[in-house]
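Accompanying notes for the structure given below.
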Amino acid sequence: MAFPAGFGWGAATAAYQVEGGWDADGKGPNVWDTFTHQGGERIFKNQTGDVACGSYTLWEEDLKCIKQLGLTHYRFSLSWSRLLPDGTTGFINQKGIDYYNKIIDDLLANQVTPIVTLYHFDLPQALEDKGGWLSVATIESFNEYARFCFSTFGDRVKQWITINEANLFALLAYDLGMFPPAIPHQGTGGYQAAHNLIKAHARAWHSYDSLFRKEQKGMVSLSLFAGWVEPADPNSVSDQEAAKRTLAFHLDFFAKPIFIDGDYPEVVKSQVAAMSQKQGYPSSRLPEFTEEEKRMIKGTADFFAVQYYSSSLVKHQENDKGELGIFQDAEIEIFPDPSWINLGGIYVVPWGIRKLLKYIKDTYNNPVIYITENGFPQGDPAPLDDTQRWEYFRQTFQELFKAIHLDKVDLKLYCAWALLDNFEWRQGYSLRFGFFHVDFEDPERRRVPYTSAKEYAKVIRNNGLEGHP
Ligand code: BGC
């Protein structure tokens, strides 16, 4: 009836989305500080993360929420530019170290295991100014930062995520230009950034492996965003192929090099090469890894961290005009099933998570899997009695239960997004994902539990749903 003994129940946040204190105590600016301060209506009501949930000064309040839920794990991210204001170890901000030391120590004192993300979308502006993730130099900067974090916090942190949703981030920031630096390079920037992100992750993993693992005995991975996809017409072979290509371009694009053989999926290589040729490029827009790089990348993850929010239908969409873009290269069109419930822009498809987990098990040799994010938003104003939203969490837990017991997926941890309502990137404060409501007008940023918080606490206490399945 219950989840396996020792199953991890967590909740997550990310530095820029909750901390505030954007220029407090020597923190350097990052790309989200710059982007939000530029205005221009790209973000809901030009809102910023300058104060957000105020977690930089209100950590004790966050800890109370964590204890109220009874979390076994808390996932949060370090702000790179709070620790290293210009992105390099040339100057180290002790106040930043103190802040994260306190979080880590308080968690451990309360028997909560920290899962620490090194990088959750917030590149120090100084590094963006030098080319950001389009530049190979950022690989070494990231490695330097990762080593600094392992050596500073790794005596107590044993579970590390190098880069959050590296795949979605490359697309949003450097291909579509929706996230800072917000300069679209459709069909080229996403691949270039992804190439550098994969190498940066692998370098950091090797640093851990060779310099810290023996003594610290921790685990390092990166988290990947993945939606499940179904062929729009299940009987159409071309839609079935399109569904496979969608997973290849989104999830396998990062997962295959890292978990299998150091290289991109064949279908991605051949599609991009063919399309590039059609467009008159002298070579494929998808960069290639050298043999040495492939060896360096292969096998650089100690568990599979996946973040699932929703699913889509997909159909083949021929790119006969040779248009530029990742979806265009994949020749897919994705859309929701009209019967799915739309909650704050996310289509609720709890069964998709089970299929995704099975796919990861079958494709990646039955790895240990952590769900490092999953959640459901409410629009603002959000009722404290969020019974409907809780129902989706409940259905999700039923699916996880089946994945573990029927599909024999080695799922060890579930982290919900998010501990608190927070700054939801381009949606600002208009979408609320928290177990705790935060009043962003209130200078004290009081945290008040939603119904979901009370229900989640029960699930954690019982290590599963009552009366399950
Ligand atoms: C990100 C979070 C974000 C969440 C909800 C994920 O893509 O990692 O930062 O808030 O989705 O949209």
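Ordering of the structure tokens sets the chain letters (A, B, ...); residue numbers start at 1 within each chain; ligands are numbered from 1 in the order shown.
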Cut-off 7 Å, only C-alpha atoms and all ligand atoms, neighbours of ligand 1 as JSON, numbers by chain | {"A": [14, 164, 165, 225, 417, 424, 425]}
If we count only C-alpha atoms, what is near A:Phe335 at a cut-off of 7 Å, once residues fewer than 2 positions away on the same chain are taken out, given as a PyMOL selection string?
-> chain A and resi 312-314+333+337
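Our summary of the geometry notes that atom CA of A:Leu168 is positioned 13.1 Å from atom CA of A:His195.
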Quick one: residues within 10 Å of A:His37, only C-alpha atoms counted, chain neighbours fewer than 2 positions away excluded, as a ChimeraX atom specification?
-> /A:31-35,39-40,46-50
For A:Glu318, which residue out of A:Thr290, A:Gln271, A:Ser81, A:Thr363 is the nearest one, using only C-alpha atoms?
-> A:Gln271
If we count only C-alpha atoms, what is near stretch 242-247 of chain A at a cut-off of 12 Å, once residues fewer than 4 positions away on the same chain are taken out, given as a PyMOL selection string?
-> chain A and resi 167+224-234+236-238+251-256+265-272+311-318+326-335+356+359-360+363
Residue contacts of stretch 93-100 of chain A (8 Å, only C-alpha atoms) excluding same-chain residues fewer than 6 positions away, as a PyMOL selection string | chain A and resi 25-27+56+78+82-85+152
Residues of the last selection are to be written out with N, CA, C and O atoms, as a short mmCIF file (atom, residue, chain, number, x, y, z; two decimals), in the first residue's frame.
```cif
data_model
loop_
_atom_site.label_atom_id
_atom_site.label_comp_id
_atom_site.auth_asym_id
_atom_site.auth_seq_id
_atom_site.Cartn_x
_atom_site.Cartn_y
_atom_site.Cartn_z
N ASP A 25 24.17 42.70 0.36
CA ASP A 25 25.41 42.14 0.92
C ASP A 25 26.42 41.70 -0.12
O ASP A 25 27.05 40.64 0.03
N GLY A 26 26.55 42.46 -1.19
CA GLY A 26 27.62 42.16 -2.14
C GLY A 26 27.24 41.22 -3.27
O GLY A 26 28.10 40.83 -4.06
N LYS A 27 25.94 40.85 -3.36
CA LYS A 27 25.56 39.97 -4.49
C LYS A 27 25.76 40.72 -5.81
O LYS A 27 25.41 41.89 -5.93
N TYR A 56 15.85 35.50 1.30
CA TYR A 56 17.22 35.83 1.72
C TYR A 56 17.23 36.27 3.19
O TYR A 56 18.17 35.98 3.92
N LEU A 78 21.58 27.51 -5.55
CA LEU A 78 22.51 28.54 -5.11
C LEU A 78 22.53 29.63 -6.17
O LEU A 78 22.51 29.35 -7.36
N ARG A 82 25.52 35.46 -6.11
CA ARG A 82 25.55 35.82 -4.69
C ARG A 82 26.86 35.29 -4.08
O ARG A 82 27.44 35.91 -3.21
N LEU A 83 27.30 34.16 -4.59
CA LEU A 83 28.55 33.57 -4.08
C LEU A 83 29.77 34.18 -4.75
O LEU A 83 30.75 34.53 -4.09
N LEU A 84 29.68 34.28 -6.08
CA LEU A 84 30.81 34.81 -6.87
C LEU A 84 30.24 35.96 -7.70
O LEU A 84 29.72 35.73 -8.80
N PRO A 85 30.29 37.17 -7.19
CA PRO A 85 29.56 38.29 -7.82
C PRO A 85 29.88 38.50 -9.30
O PRO A 85 28.99 38.89 -10.06
N THR A 152 33.11 23.97 -0.81
CA THR A 152 32.57 24.78 0.29
C THR A 152 31.43 24.07 1.02
O THR A 152 31.31 24.16 2.24
#
```
Of the residues A:Ala418, A:Val136, A:Val306, A:Met178, which is the one nearest to A:Arg75, using only C-alpha atoms?
->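 Looking at the shortest contact to A:Arg75, the residue is A:Ala418.
Using only C-alpha atoms, the nearest neighbour of A:Phe169 within the list A:Tyr281, A:Tyr119, A:Phe393, A:Phe259 is A:Tyr119.
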Distance query A:Leu127 at most 10 Å, only C-alpha atoms, self and fewer than 2 positions along chain excluded, as a PyMOL selection string = chain A and resi 30-31+81+86-88+123-125+129-133+135+137-138+141-142
I need the residues from that last selection saved to file as a short mmCIF file (atom, residue, chain, number, x, y, z; two decimals), in the first residue's frame (with C-alpha atoms), if you can.
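Result saved to out.cif:
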```
data_model
loop_
_atom_site.label_atom_id
_atom_site.label_comp_id
_atom_site.auth_asym_id
_atom_site.auth_seq_id
_atom_site.Cartn_x
_atom_site.Cartn_y
_atom_site.Cartn_z
CA ASN A 30 22.63 38.08 -12.82
CA VAL A 31 20.82 37.91 -16.12
CA SER A 81 26.36 35.71 -8.41
CA ASP A 86 31.37 38.43 -11.17
CA GLY A 87 31.03 34.70 -11.78
CA THR A 88 34.66 33.89 -10.99
CA LEU A 123 23.88 33.31 -15.00
CA PRO A 124 26.03 36.09 -13.50
CA GLN A 125 25.64 39.09 -15.79
CA ASP A 129 28.53 39.89 -21.10
CA LYS A 130 31.34 37.62 -22.25
CA GLY A 131 29.04 35.50 -24.40
CA GLY A 132 27.12 33.45 -21.83
CA TRP A 133 26.28 29.90 -22.80
CA SER A 135 30.65 30.87 -25.46
CA ALA A 137 34.57 29.99 -22.00
CA THR A 138 31.45 29.57 -19.83
CA SER A 141 33.66 29.26 -15.55
CA PHE A 142 30.95 26.79 -14.59
#
```
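Taking only C-alpha atoms into account, A:Thr113 lies nearest to A:Thr72 out of the set A:Thr72, A:Asn365, A:Asn374, A:Ser310.
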Identify all residues of stretch 27-211 of chain A in helix (DSSP H, G or I) (DSSP on the backbone) and supply them as a PyMOL selection string.
-> chain A and resi 31-37+44-46+59-69+80-83+94-109+125-128+132-134+137-153+166-175+189-211
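Note that atom CA of A:Phe179 and atom CA of A:Thr36 are 10.2 Å apart.
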Taking only C-alpha atoms into account, which of A:Pro181, A:Tyr414, A:Arg285, A:Phe401 comes nearest A:Gln307?
->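 Distance minimum relative to A:Gln307 lands on A:Tyr414.
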